[in-house]
Amino acid sequence: MNEVCFKNLDKENPASIATYEANGGYKVWRKILNGGFTPDEIIQELKTSGLRGRGGAGFPTGLKWSFMPRNQEGQKYVVCNSDEGEPGTCHDRDILRYNPHSVIEGMAIAGFVMNATVGYNYIRGEFMEPYYRFEEALKDAYEAGLLGKNLLGSDVSFDLYTHLGAGAYICGEETALLESLEGKKGQPRFKPPFPANVGLFGKPTTINNTETFASVPEILSRGGQWFADLGVENSGGTKCFSVTGSVKNPANFEVPMGTPFSKLLELAGGLKEGRKLKAVIPGGSSTPVLPAETAMNMTMDYDSIANAGSMLGAGSVIVMDDTTCMVKTLTRLAHFYYDESCGQCTPCREGTGWLYRMLQRILDGNGKEEDLDLLLSVGEKIMGNTICALGDAAATPVESFIKHFRDEFEYYIQNGRSMVEEEHNLVEEEASV
Amino acid sequence: MISNEAKKEIDFWVSKYPEGRESSAVMQALTIVQKENGGSLNSELINDVAEYLEMPAISVQEVATFYENYNHKPVGKHVLRFCHNISCMLNGSDELISYLEDKLGVKTGEVSKDGLVSVKKVECLGACVGGPMCQIGDQYHEHLTKDKLDNILENLT
Amino acid sequence: MSDIEIEIDGQLVRANQGDSIINIADREGIEVPRFCYHKKLSVAANCRMCLVDVEGVPKAQPACSTPAANGMKIHTKNDKAKFAQKAVMEFLLINHPLDCPICDQGGECELQDVAMEYGSDVSKFNEGKRIVPDKGIGALIQTDMTRCIHCTRCVRFGAEVAGIVEMGGTGRGEGVKIEPFLTEGIQSELSGNMIDVCPVGALTSKPFRYEARTWQMNAVQSVARHDLVGSNIYTQSYRGKVKRVVARDNDSINETWISDRDRFSYEGLNHESRALKPKVKIDGLWQETDWQEALKFAIDGIKNNANSSEQFGVLSSKYASLEEFYLLQKLARNFGTENIDFRLDQAQLSNASSLESTITLSEIESIDHALIVGSYTRLEQPMINHRIRKATLNGASVNTINSKKFDFNYKTGLDVLTSPQKLRATLQSVLKAIHNKTNKDAPSFLSQVSPEDIHNKIADDLIESKNGVIVLGEHLNSNLDSIAITSLIEQIASAADLKIANITLSGNSLSAEKVGFMPDEKGMSAASMFNESTKAFLLMDVDLEYDFFDSKSAQDCFNQEDVFVVALSSFENQSLLNGADVILPMASYYETSGTHINFDGQAQSFSASVKSPGDSKPGWKIIKVMADLFELEGFDYIDSTQVKEQALQLSRNKSSFKDVDFENFDDSQITTHWQYTPYVTDSVTRRASALQKTNIGMIDSAFVSEATAKKLGIGNDDLYLGVPVSIVDSVAEDYVFVHTNQARKA
Ligand SMILES: Cc1cc2nc3c(=O)[nH]c(=O)nc-3n(C[C@H](O)[C@H](O)[C@H](O)COP(=O)(O)O)c2cc1C
Ligand code: SF4
Ligand code: SF4
Ligand code: FES
Ligand code: FES
């Protein structure tokens, strides 16, 4: 456990440059600056490692880096996505707080590979503690001569700045993030063109997630194969999971890909006292919910979770127990997407509000029989028809919640109250008799 | 009016972006002037920022109304930004928010009579393993309980 | 150059790699529904109405933002495409008020049209519709934002075309509101185009409100006459009155845009001051009469008062039609006088014609540099300015030599401030710099000149440009040194190999020049007619307060007992009633057929859209009848087309400004330049009430520098010639720039 991004977590002053360097940090960067690594070698190692983007989509990082027109003239950029906002997700925050130098080194390496001399780390505006930590780390890295111009006498330069968000989940979407970095509303761009060709300030840009960048130095230091071997096929390495919800010890865990879900649950102390596992959202609020049995049989890697009917997403495991009302939970998620839709494209702008209002109406006891089919059909009409994946993210939970827990929804509509809460209260009443 | 100190702070952000891309600093500029103005913005400040960064005022207004962290009505000296999203909800954020509202005698979105605090429900703040949680100023307060909340409120001055 | 082949709905079509699917479909006549896409605006891909099925791609793709690639198979109407399109349509309608019966867009609404074809039957939405409060955006555009479908066309129009970012989308999600920042009203001179681009009834014409339903109106192709461009328009009329003007596409002229002046001036046609009946003044009292009497009175008056034909003078505004100009000069010349002029507002009239432009409208778009001299181009010639702006978007640079720094809707590089009296010196300095830099011998009159730094830089930019233009603007007209300045402009253009865009003359001036509506050597020009020698005048569409460079001497002249004035006019006002002896009511814009010659030399004819009100008659008919009554030869025209054909055979006088003698010029006086707001330039626009209520329409300031103000003893908000003073530092010294909607005062 905790072998890559969280590797210094148990050390004293894990965030300091001293701790980082003492444990092999900046070794790779120095090697690069001394001419010991070529961009192609780095891309090859990353491909071997099986590292896939940790921001949610899981796109192979080596492949992504190879797309950059690195020989194109003019400015190019590296951008780190530290906008972490997917409900249930909070491991990037800990990487920033406890291992900021790995992100810096990862971004610098990316800059070298892409021939980009400027990078920005976009940190969500509420992450002030991580921001200060990261700024301090930047200062130390500059002082150590590891950032700036003509580093260690080489012709490699890399300047790195932080940019702070101001509260918008959608800025986690990479093109919305770029817009936001340009001082605009965070409205996703349509694609193509992709950021690799037209990115920040119209220039070629590589954008990766915090954890993705943080993994890069260790991979290059210990070899792509080493990393790949930590995980399973198609899912190389380790992954940080945030385990939250009805568990005894909600926390972040970095475990090898392929770790059984049951093991992860155990690490988090198991379910809260007296509760039974009911459902799990394995990858953050945008991924489909799975019923308990399915979840207990899956392992935490891309393929297994996909086979179970969901997605690894951002690695945000939300655990629900037998007292969780699925109607209320789904309504809360629907509210989130309604609240966070950027409002640019029709199906999402209009559809998220429609979904939320219907669910809230059901929750208020005014549900109608045809509502469930209507919810599904509205979701279906949003799905795939929007500019960015937020539309899909809003429709996905609706579909999966109703699919797996339709009876609860029907009960709520018929009786105007929650089946789960009622059962639960009954049980408690009986117990107290 | 933007104070000279605030301008200096804004200039620090402006210096991070390429020439001609000063408007990248608009979000921080708004954050800075909002802070200076006691936690909220108004059209005058929007205009000032627009002028300072040489942007159309409507573009600044777009940014100011898009992002959640800008307030367009006066807020309390301390704003308790309470996460009510899924992980926090599963751990009792709703009850805590009600508790808070009762205790302060305000609804979410309102300012307490003494002007000291206002409560705002917000979406996931990226500290889900610490839920229920809230943000006050730069600080996160995690694993909240009623007792902890009482304690926090007592220490707000 | 088609390099790929794709298939749309089973039809093989050739296309260019990277062309958007919608572009190709449009070219092939394959219908794809759309709201946010607009051929002249950037792609936003936000409405999602144009979703089509691309084989092999799981999701439906927006046709507007998806580039075609070789071998692509696209279906615009299969189940997948239809499902997506219907879904989007349903989402668009759930929050739309569907108040079509009371909506001004009803009948021409893109949403309504597309909904007919792509909408599903009944929506199951019953959560309560959104209502959006309206801020209002000024006098021209009526907003009803509850109808807005957030396509952002209006926003993109502002940012990309108008060049003034005024509308935006505030908030987010379902709460996005398309609105301006404050409610001060839109500043752009092109704002009305937002009405045209808005696919729904969220933005409609304010003056048009409640006037008629769109389908009741009669649309006629026409041409706008307010400026040098001759933008193509449709007039739309109901019950014989023009109720609305909209743009008509013509890529080489106005693309799809028109200026607010072209769009909203029609309101003036229905102004209460219309001249409706022939009138004669007998013993100082006005009497309405019939045409026969009035004409007789007019003819007799002219004959009696002008003892010889040289005592007769003919004047016109620059807004008459080619035919009217032609006939009126013919009448004058056959009558035996050369006292003919339309250049009423010019200070210097010794040239035989204006400097010729050597560039076309669409060529302006591809210039790499412009030097603008004496012009607030954006307000003078909005569509020409728009072409310059397009060039700047492609990287062209613009420098200016102006007496005040103006708000252009593009960035200018070097702005040289020069008062009118120093303009000669400035241009000499620039010319000398060009000669120095290109190692050419400068003409002797430049021997004493040593260029200033900034003039050297201006010269550098001119020399370096490969495809540069020098733009000469309206300010020249009232410059007493205009001949020398024009000459210098021509010399600079030839020394630095530049094109010339002369936009000093506006309206239909090029028609007037074409038919020689000005005196030859024997005749008198406008200003010199107001001495004792002219005893009878025939005026066509002349406003005695606004139109003359020196309106006081004009009015004094007309008001004399022994001067007989016949006015062909569409309007009456007090000064006309004072000065004239006969008023012959004339048809105005859109009420008569005619021809306009534009900047490109293109003669565009138009027919009447509506009948003129009251007893008024088309100008060309009035002139013809007068000629007949004078018993002049050569006026047996049956229709105006014959007149036009004759007129077009004439060729414009060409003046060379190359070798003019530079007489000494006194540049020691403080000068005043009087620039009208664009909404008082002609008799109709001046009476268009909504335009007057806009920010541009209300401009009324005398700009002066602190030092000059001191010399003149004036301070902020004092009145200078009746105009409120505004002390600024962006104005030349020893100079007052009056920008106003008030009539010119000496
Ligand atoms: C609505 C939405 C929100 C997203 N939020 C985040 C986020 O908070 N952090 C993140 O790294 N990626 C987020 N993503 C994914 C990014 O768009 C992008 O795929 C990622 O930054 C790429 O980096 P990676 O390849 O390293 O994963 C989000 C995507 C969507 C559609
Ligand atoms: S899907 Fe939603 S968030 Fe994404 S662009 Fe469209 S409206 Fe914005
Ligand atoms: S006002 Fe009209 S043009 Fe503007 S966004 Fe709304 S619908 Fe589109
Ligand atoms: S759900 Fe509350 S912080 Fe993430
Ligand atoms: S027309 Fe293509 S998305 Fe609007």
# chains A, B, ... in the order shown; residues from 1 in each chain; ligands from 1

call {"tool": "residues_near_ligand", "arguments": {"ligand": "ligand 3", "cutoff": "10 Å", "atoms": "only C-alpha atoms and all ligand atoms", "output": "VMD selection string"}}
result
chain C and resid 35 to 36 47 110 to 111 143 to 157 167 to 169 176 to 179 193 to 204

call {"tool": "closest_atom_pairs", "arguments": {"of": "chain C", "to": "chain B", "cutoff": "7 Å", "atoms": "only C-alpha atoms", "output": "Markdown table"}}
result
| residue | atom | partner | partner_atom | distance |
| --- | --- | --- | --- | --- |
| C:Val165 | CA | B:Pro56 | CA | 6.1 |
| C:Glu166 | CA | B:Ile58 | CA | 6.2 |
| C:Met167 | CA | B:Ile58 | CA | 6.8 |
| C:Gly168 | CA | B:Ile58 | CA | 6.0 |
| C:Gly169 | CA | B:Glu62 | CA | 6.1 |
| C:Thr170 | CA | B:Glu62 | CA | 4.5 |
| C:Gly171 | CA | B:Thr65 | CA | 4.6 |
| C:Arg172 | CA | B:Phe66 | CA | 5.4 |
| C:Pro180 | CA | B:Ile58 | CA | 6.3 |
| C:Phe181 | CA | B:Ile58 | CA | 4.7 |

call {"tool": "write_last_selection", "arguments": {"atoms": "N, CA and C atoms", "output": "short mmCIF file (atom, residue, chain, number, x, y, z; two decimals), in the first residue's frame"}}
result
data_model
loop_
_atom_site.label_atom_id
_atom_site.label_comp_id
_atom_site.auth_asym_id
_atom_site.auth_seq_id
_atom_site.Cartn_x
_atom_site.Cartn_y
_atom_site.Cartn_z
N VAL C 165 -18.02 44.27 -26.83
CA VAL C 165 -18.60 43.17 -26.08
C VAL C 165 -19.60 43.74 -25.09
N GLU C 166 -20.86 43.62 -25.40
CA GLU C 166 -21.88 44.23 -24.54
C GLU C 166 -22.82 43.20 -23.96
N MET C 167 -23.19 42.20 -24.76
CA MET C 167 -24.07 41.16 -24.26
C MET C 167 -23.21 40.00 -23.77
N GLY C 168 -23.69 39.33 -22.75
CA GLY C 168 -22.97 38.17 -22.25
C GLY C 168 -23.96 37.22 -21.64
N GLY C 169 -23.46 36.06 -21.24
CA GLY C 169 -24.31 35.10 -20.55
C GLY C 169 -23.87 35.08 -19.09
N THR C 170 -24.70 35.59 -18.21
CA THR C 170 -24.32 35.59 -16.80
C THR C 170 -24.94 34.39 -16.11
N GLY C 171 -24.38 34.06 -14.96
CA GLY C 171 -24.87 32.91 -14.22
C GLY C 171 -24.46 31.63 -14.89
N ARG C 172 -25.05 30.54 -14.44
CA ARG C 172 -24.72 29.28 -15.08
C ARG C 172 -25.90 28.33 -15.03
N PRO C 180 -26.87 42.46 -20.97
CA PRO C 180 -25.71 43.34 -20.88
C PRO C 180 -25.34 43.52 -19.43
N PHE C 181 -24.23 44.17 -19.16
CA PHE C 181 -23.80 44.35 -17.77
C PHE C 181 -24.75 45.29 -17.04
#

call {"tool": "residues_near_ligand", "arguments": {"ligand": "ligand 4", "cutoff": "8 Å", "atoms": "only C-alpha atoms and all ligand atoms", "output": "PyMOL selection string"}}
result
(chain A and resi 85-90) or (chain B and resi 83-89+123-134)

call {"tool": "write_last_selection", "arguments": {"atoms": "N, CA, C and O atoms", "output": "short mmCIF file (atom, residue, chain, number, x, y, z; two decimals), in the first residue's frame"}}
result
data_model
loop_
_atom_site.label_atom_id
_atom_site.label_comp_id
_atom_site.auth_asym_id
_atom_site.auth_seq_id
_atom_site.Cartn_x
_atom_site.Cartn_y
_atom_site.Cartn_z
N GLY A 85 -13.30 17.78 -7.89
CA GLY A 85 -14.62 18.22 -7.42
C GLY A 85 -15.67 17.14 -7.56
O GLY A 85 -16.83 17.35 -7.18
N GLU A 86 -15.31 16.01 -8.08
CA GLU A 86 -16.27 14.93 -8.23
C GLU A 86 -16.69 14.45 -6.84
O GLU A 86 -15.84 14.02 -6.05
N PRO A 87 -17.97 14.53 -6.52
CA PRO A 87 -18.39 14.13 -5.18
C PRO A 87 -17.85 12.74 -4.80
O PRO A 87 -17.96 11.80 -5.56
N GLY A 88 -17.25 12.68 -3.63
CA GLY A 88 -16.67 11.43 -3.17
C GLY A 88 -15.17 11.36 -3.40
O GLY A 88 -14.53 10.40 -2.97
N THR A 89 -14.60 12.35 -4.05
CA THR A 89 -13.20 12.28 -4.43
C THR A 89 -12.35 13.30 -3.68
O THR A 89 -12.68 14.48 -3.66
N CYS A 90 -11.28 12.86 -3.04
CA CYS A 90 -10.45 13.83 -2.32
C CYS A 90 -9.01 13.38 -2.16
O CYS A 90 -8.34 13.76 -1.22
N CYS B 83 -20.77 21.56 3.15
CA CYS B 83 -20.98 20.61 2.06
C CYS B 83 -22.20 19.75 2.36
O CYS B 83 -22.37 19.26 3.47
N HIS B 84 -23.07 19.62 1.38
CA HIS B 84 -24.24 18.75 1.58
C HIS B 84 -24.29 17.67 0.50
O HIS B 84 -25.34 17.10 0.23
N ASN B 85 -23.15 17.43 -0.12
CA ASN B 85 -23.13 16.43 -1.17
C ASN B 85 -23.04 15.01 -0.59
O ASN B 85 -23.00 14.82 0.61
N ILE B 86 -22.99 14.05 -1.49
CA ILE B 86 -23.30 12.66 -1.13
C ILE B 86 -22.52 12.09 0.06
O ILE B 86 -23.12 11.57 1.00
N SER B 87 -21.20 12.22 0.02
CA SER B 87 -20.43 11.58 1.10
C SER B 87 -20.72 12.22 2.44
O SER B 87 -20.83 11.55 3.47
N CYS B 88 -20.83 13.52 2.42
CA CYS B 88 -21.15 14.24 3.66
C CYS B 88 -22.58 13.93 4.10
O CYS B 88 -22.87 13.75 5.28
N MET B 89 -23.48 13.87 3.12
CA MET B 89 -24.87 13.57 3.43
C MET B 89 -25.00 12.20 4.10
O MET B 89 -25.72 12.03 5.08
N GLU B 123 -21.66 22.47 -2.77
CA GLU B 123 -21.43 21.12 -3.29
C GLU B 123 -20.07 20.63 -2.79
O GLU B 123 -19.32 21.37 -2.15
N CYS B 124 -19.74 19.39 -3.15
CA CYS B 124 -18.56 18.71 -2.64
C CYS B 124 -17.31 19.59 -2.63
O CYS B 124 -16.96 20.21 -3.62
N LEU B 125 -16.67 19.68 -1.47
CA LEU B 125 -15.47 20.51 -1.34
C LEU B 125 -14.19 19.70 -1.44
O LEU B 125 -13.09 20.19 -1.16
N GLY B 126 -14.32 18.46 -1.84
CA GLY B 126 -13.11 17.66 -2.05
C GLY B 126 -12.43 17.25 -0.75
O GLY B 126 -11.21 17.18 -0.67
N ALA B 127 -13.24 17.03 0.28
CA ALA B 127 -12.68 16.54 1.55
C ALA B 127 -13.61 15.47 2.08
O ALA B 127 -13.88 15.39 3.28
N CYS B 128 -14.09 14.64 1.17
CA CYS B 128 -15.19 13.73 1.48
C CYS B 128 -14.85 12.74 2.58
O CYS B 128 -15.73 12.33 3.33
N VAL B 129 -13.59 12.35 2.68
CA VAL B 129 -13.25 11.40 3.75
C VAL B 129 -13.35 12.07 5.11
O VAL B 129 -13.34 11.39 6.14
N GLY B 130 -13.47 13.38 5.11
CA GLY B 130 -13.59 14.10 6.38
C GLY B 130 -15.01 14.56 6.65
O GLY B 130 -15.24 15.36 7.53
N GLY B 131 -15.95 14.06 5.87
CA GLY B 131 -17.32 14.53 6.02
C GLY B 131 -17.97 14.03 7.28
O GLY B 131 -17.59 12.95 7.76
N PRO B 132 -18.95 14.75 7.80
CA PRO B 132 -19.42 16.05 7.30
C PRO B 132 -18.38 17.15 7.56
O PRO B 132 -17.69 17.10 8.57
N MET B 133 -18.34 18.08 6.66
CA MET B 133 -17.30 19.11 6.79
C MET B 133 -17.82 20.46 6.30
O MET B 133 -18.82 20.54 5.61
N CYS B 134 -17.13 21.49 6.70
CA CYS B 134 -17.44 22.81 6.18
C CYS B 134 -16.18 23.65 6.05
O CYS B 134 -15.15 23.31 6.63
#

call {"tool": "closest_residue", "arguments": {"among": "A:Met298, A:Met358, A:Cys171, A:Cys325", "to": "ligand 1", "atoms": "only C-alpha atoms and all ligand atoms"}}
result
A:Cys171

call {"tool": "residues_around", "arguments": {"residues": "Lys239 (chain A)", "least_positions_apart": "3", "cutoff": "9 Å", "atoms": "only C-alpha atoms", "output": "number ranges by chain"}}
result
A: 2, 4-5, 54, 211, 231, 236, 253-257, 300-301, 315

call {"tool": "write_last_selection", "arguments": {"atoms": "N, CA and C atoms", "output": "PDB file, in the first residue's frame"}}
result
ATOM      1  N   ASN A   2       0.298   2.344  -0.530  1.00  0.00           N
ATOM      2  CA  ASN A   2       0.972   3.646  -0.540  1.00  0.00           C
ATOM      3  C   ASN A   2       2.384   3.585  -1.106  1.00  0.00           C
ATOM      4  N   VAL A   4       3.328   4.718  -4.393  1.00  0.00           N
ATOM      5  CA  VAL A   4       3.715   5.682  -5.415  1.00  0.00           C
ATOM      6  C   VAL A   4       3.431   7.117  -4.956  1.00  0.00           C
ATOM      7  N   CYS A   5       2.191   7.534  -5.083  1.00  0.00           N
ATOM      8  CA  CYS A   5       1.860   8.931  -4.766  1.00  0.00           C
ATOM      9  C   CYS A   5       1.905   9.199  -3.263  1.00  0.00           C
ATOM     10  N   ARG A  54      -5.708   9.498 -14.413  1.00  0.00           N
ATOM     11  CA  ARG A  54      -6.415   9.280 -13.156  1.00  0.00           C
ATOM     12  C   ARG A  54      -7.577  10.249 -12.962  1.00  0.00           C
ATOM     13  N   GLU A 211      -2.920  13.205  -9.878  1.00  0.00           N
ATOM     14  CA  GLU A 211      -2.383  11.886  -9.545  1.00  0.00           C
ATOM     15  C   GLU A 211      -1.583  11.317 -10.721  1.00  0.00           C
ATOM     16  N   GLY A 231       0.110  -3.663 -10.810  1.00  0.00           N
ATOM     17  CA  GLY A 231      -1.330  -3.798 -11.045  1.00  0.00           C
ATOM     18  C   GLY A 231      -1.664  -5.061 -11.802  1.00  0.00           C
ATOM     19  N   GLY A 236      -2.359  -0.744 -15.000  1.00  0.00           N
ATOM     20  CA  GLY A 236      -1.045  -0.805 -14.384  1.00  0.00           C
ATOM     21  C   GLY A 236      -1.001  -0.026 -13.091  1.00  0.00           C
ATOM     22  N   PHE A 253      -6.786   5.610   0.253  1.00  0.00           N
ATOM     23  CA  PHE A 253      -5.848   4.479   0.241  1.00  0.00           C
ATOM     24  C   PHE A 253      -5.250   4.348  -1.130  1.00  0.00           C
ATOM     25  N   GLU A 254      -3.932   4.205  -1.165  1.00  0.00           N
ATOM     26  CA  GLU A 254      -3.310   3.888  -2.448  1.00  0.00           C
ATOM     27  C   GLU A 254      -3.033   2.394  -2.467  1.00  0.00           C
ATOM     28  N   VAL A 255      -3.743   1.705  -3.330  1.00  0.00           N
ATOM     29  CA  VAL A 255      -3.590   0.246  -3.383  1.00  0.00           C
ATOM     30  C   VAL A 255      -3.333  -0.174  -4.824  1.00  0.00           C
ATOM     31  N   PRO A 256      -2.768  -1.351  -4.999  1.00  0.00           N
ATOM     32  CA  PRO A 256      -2.538  -1.827  -6.358  1.00  0.00           C
ATOM     33  C   PRO A 256      -3.854  -2.002  -7.097  1.00  0.00           C
ATOM     34  N   MET A 257      -3.833  -1.704  -8.371  1.00  0.00           N
ATOM     35  CA  MET A 257      -4.988  -1.999  -9.214  1.00  0.00           C
ATOM     36  C   MET A 257      -5.269  -3.491  -9.107  1.00  0.00           C
ATOM     37  N   MET A 300     -10.722  -3.807  -7.886  1.00  0.00           N
ATOM     38  CA  MET A 300     -10.624  -2.397  -8.208  1.00  0.00           C
ATOM     39  C   MET A 300      -9.640  -2.159  -9.366  1.00  0.00           C
ATOM     40  N   ASP A 301     -10.141  -2.378 -10.550  1.00  0.00           N
ATOM     41  CA  ASP A 301      -9.360  -2.060 -11.742  1.00  0.00           C
ATOM     42  C   ASP A 301     -10.348  -1.759 -12.862  1.00  0.00           C
ATOM     43  N   GLY A 315     -11.866   6.969  -8.952  1.00  0.00           N
ATOM     44  CA  GLY A 315     -11.464   6.151  -7.807  1.00  0.00           C
ATOM     45  C   GLY A 315     -12.088   6.647  -6.516  1.00  0.00           C
TER      46      GLY A 315
END

call {"tool": "residues_around", "arguments": {"residues": "Glu95 (chain B)", "least_positions_apart": "2", "cutoff": "12 Å", "atoms": "only C-alpha atoms", "output": "ChimeraX atom specification"}}
result
/B:82-84,88-93,97-102,132,144-146

call {"tool": "write_last_selection", "arguments": {"atoms": "N, CA, C and O atoms", "output": "short mmCIF file (atom, residue, chain, number, x, y, z; two decimals), in the first residue's frame"}}
result
data_model
loop_
_atom_site.label_atom_id
_atom_site.label_comp_id
_atom_site.auth_asym_id
_atom_site.auth_seq_id
_atom_site.Cartn_x
_atom_site.Cartn_y
_atom_site.Cartn_z
N PHE B 82 -21.09 24.88 3.97
CA PHE B 82 -21.33 23.52 4.42
C PHE B 82 -21.56 22.60 3.23
O PHE B 82 -22.46 22.83 2.43
N CYS B 83 -20.77 21.56 3.15
CA CYS B 83 -20.98 20.61 2.06
C CYS B 83 -22.20 19.75 2.36
O CYS B 83 -22.37 19.26 3.47
N HIS B 84 -23.07 19.62 1.38
CA HIS B 84 -24.24 18.75 1.58
C HIS B 84 -24.29 17.67 0.50
O HIS B 84 -25.34 17.10 0.23
N CYS B 88 -20.83 13.52 2.42
CA CYS B 88 -21.15 14.24 3.66
C CYS B 88 -22.58 13.93 4.10
O CYS B 88 -22.87 13.75 5.28
N MET B 89 -23.48 13.87 3.12
CA MET B 89 -24.87 13.57 3.43
C MET B 89 -25.00 12.20 4.10
O MET B 89 -25.72 12.03 5.08
N LEU B 90 -24.26 11.24 3.55
CA LEU B 90 -24.33 9.88 4.11
C LEU B 90 -23.80 9.87 5.54
O LEU B 90 -24.01 8.92 6.28
N ASN B 91 -23.08 10.91 5.90
CA ASN B 91 -22.58 10.97 7.27
C ASN B 91 -23.22 12.07 8.10
O ASN B 91 -22.65 12.56 9.06
N GLY B 92 -24.39 12.49 7.66
CA GLY B 92 -25.19 13.35 8.53
C GLY B 92 -25.07 14.84 8.35
O GLY B 92 -25.35 15.61 9.27
N SER B 93 -24.66 15.29 7.17
CA SER B 93 -24.52 16.74 7.00
C SER B 93 -25.86 17.46 7.12
O SER B 93 -25.93 18.57 7.66
N ILE B 97 -26.61 20.72 9.38
CA ILE B 97 -27.01 22.02 8.81
C ILE B 97 -28.27 22.52 9.51
O ILE B 97 -28.37 23.69 9.89
N SER B 98 -29.23 21.61 9.73
CA SER B 98 -30.44 22.02 10.45
C SER B 98 -30.10 22.49 11.86
O SER B 98 -30.63 23.50 12.34
N TYR B 99 -29.22 21.76 12.46
CA TYR B 99 -28.80 22.13 13.83
C TYR B 99 -28.23 23.56 13.84
O TYR B 99 -28.57 24.38 14.67
N LEU B 100 -27.41 23.80 12.84
CA LEU B 100 -26.76 25.10 12.72
C LEU B 100 -27.79 26.21 12.48
O LEU B 100 -27.75 27.27 13.10
N GLU B 101 -28.70 25.91 11.58
CA GLU B 101 -29.73 26.91 11.26
C GLU B 101 -30.55 27.25 12.51
O GLU B 101 -30.83 28.41 12.78
N ASP B 102 -30.91 26.22 13.24
CA ASP B 102 -31.69 26.44 14.46
C ASP B 102 -30.90 27.26 15.45
O ASP B 102 -31.38 28.21 16.05
N PRO B 132 -18.95 14.75 7.80
CA PRO B 132 -19.42 16.05 7.30
C PRO B 132 -18.38 17.15 7.56
O PRO B 132 -17.69 17.10 8.57
N LEU B 144 -17.16 16.76 11.37
CA LEU B 144 -17.92 17.63 12.27
C LEU B 144 -18.96 16.86 13.07
O LEU B 144 -19.54 15.87 12.60
N THR B 145 -19.14 17.34 14.30
CA THR B 145 -20.23 16.87 15.15
C THR B 145 -20.88 18.11 15.73
O THR B 145 -20.36 19.21 15.55
N LYS B 146 -21.98 17.94 16.42
CA LYS B 146 -22.62 19.10 17.02
C LYS B 146 -21.66 19.80 18.00
O LYS B 146 -21.56 21.03 18.02
#

call {"tool": "residues_near_ligand", "arguments": {"ligand": "ligand 5", "cutoff": "8 Å", "atoms": "only C-alpha atoms and all ligand atoms", "output": "list of chain:residue names"}}
result
C:Ile22, C:Pro33, C:Arg34, C:Phe35, C:Cys36, C:Tyr37, C:His38, C:Val43, C:Ala44, C:Ala45, C:Asn46, C:Cys47, C:Arg48, C:Met49, C:Cys50, C:Leu51, C:Pro62, C:Ala63, C:Cys64, C:Ser65, C:Cys151

call {"tool": "residues_near_ligand", "arguments": {"ligand": "ligand 2", "cutoff": "10 Å", "atoms": "only C-alpha atoms and all ligand atoms", "output": "ChimeraX atom specification"}}
result
/A:169-171,173,175-176,186-190,337-352,382-394 /C:45-48,172-174

call {"tool": "residues_around", "arguments": {"residues": "Lys432 (chain C)", "least_positions_apart": "4", "cutoff": "10 Å", "atoms": "only C-alpha atoms", "output": "ChimeraX atom specification"}}
result
/C:426-428,436-438,440-443,445-451,455-456,459,492,495

call {"tool": "residues_around", "arguments": {"residues": "region 103-108 of chain B", "least_positions_apart": "4", "cutoff": "7 Å", "atoms": "only C-alpha atoms", "output": "mmCIF file with N, CA, C and O atoms, in the first residue's frame"}}
result
data_model
loop_
_atom_site.group_PDB
_atom_site.id
_atom_site.type_symbol
_atom_site.label_atom_id
_atom_site.label_comp_id
_atom_site.auth_asym_id
_atom_site.auth_seq_id
_atom_site.Cartn_x
_atom_site.Cartn_y
_atom_site.Cartn_z
ATOM 1 N N TYR B 99 -29.218 21.763 12.459
ATOM 2 C CA TYR B 99 -28.800 22.131 13.826
ATOM 3 C C TYR B 99 -28.230 23.556 13.835
ATOM 4 O O TYR B 99 -28.573 24.384 14.674
ATOM 5 N N SER B 112 -26.593 36.114 9.983
ATOM 6 C CA SER B 112 -27.088 36.214 11.359
ATOM 7 C C SER B 112 -27.284 37.683 11.727
ATOM 8 O O SER B 112 -26.654 38.564 11.157
ATOM 9 N N VAL B 119 -24.608 31.134 6.620
ATOM 10 C CA VAL B 119 -24.452 29.721 6.279
ATOM 11 C C VAL B 119 -24.815 29.524 4.819
ATOM 12 O O VAL B 119 -25.784 30.082 4.321
ATOM 13 N N LYS B 120 -24.014 28.755 4.151
ATOM 14 C CA LYS B 120 -24.277 28.488 2.750
ATOM 15 C C LYS B 120 -24.091 26.998 2.504
ATOM 16 O O LYS B 120 -23.114 26.410 2.947
ATOM 17 N N LYS B 121 -25.054 26.397 1.823
ATOM 18 C CA LYS B 121 -24.885 24.992 1.445
ATOM 19 C C LYS B 121 -24.095 24.948 0.158
ATOM 20 O O LYS B 121 -24.440 25.641 -0.795
#
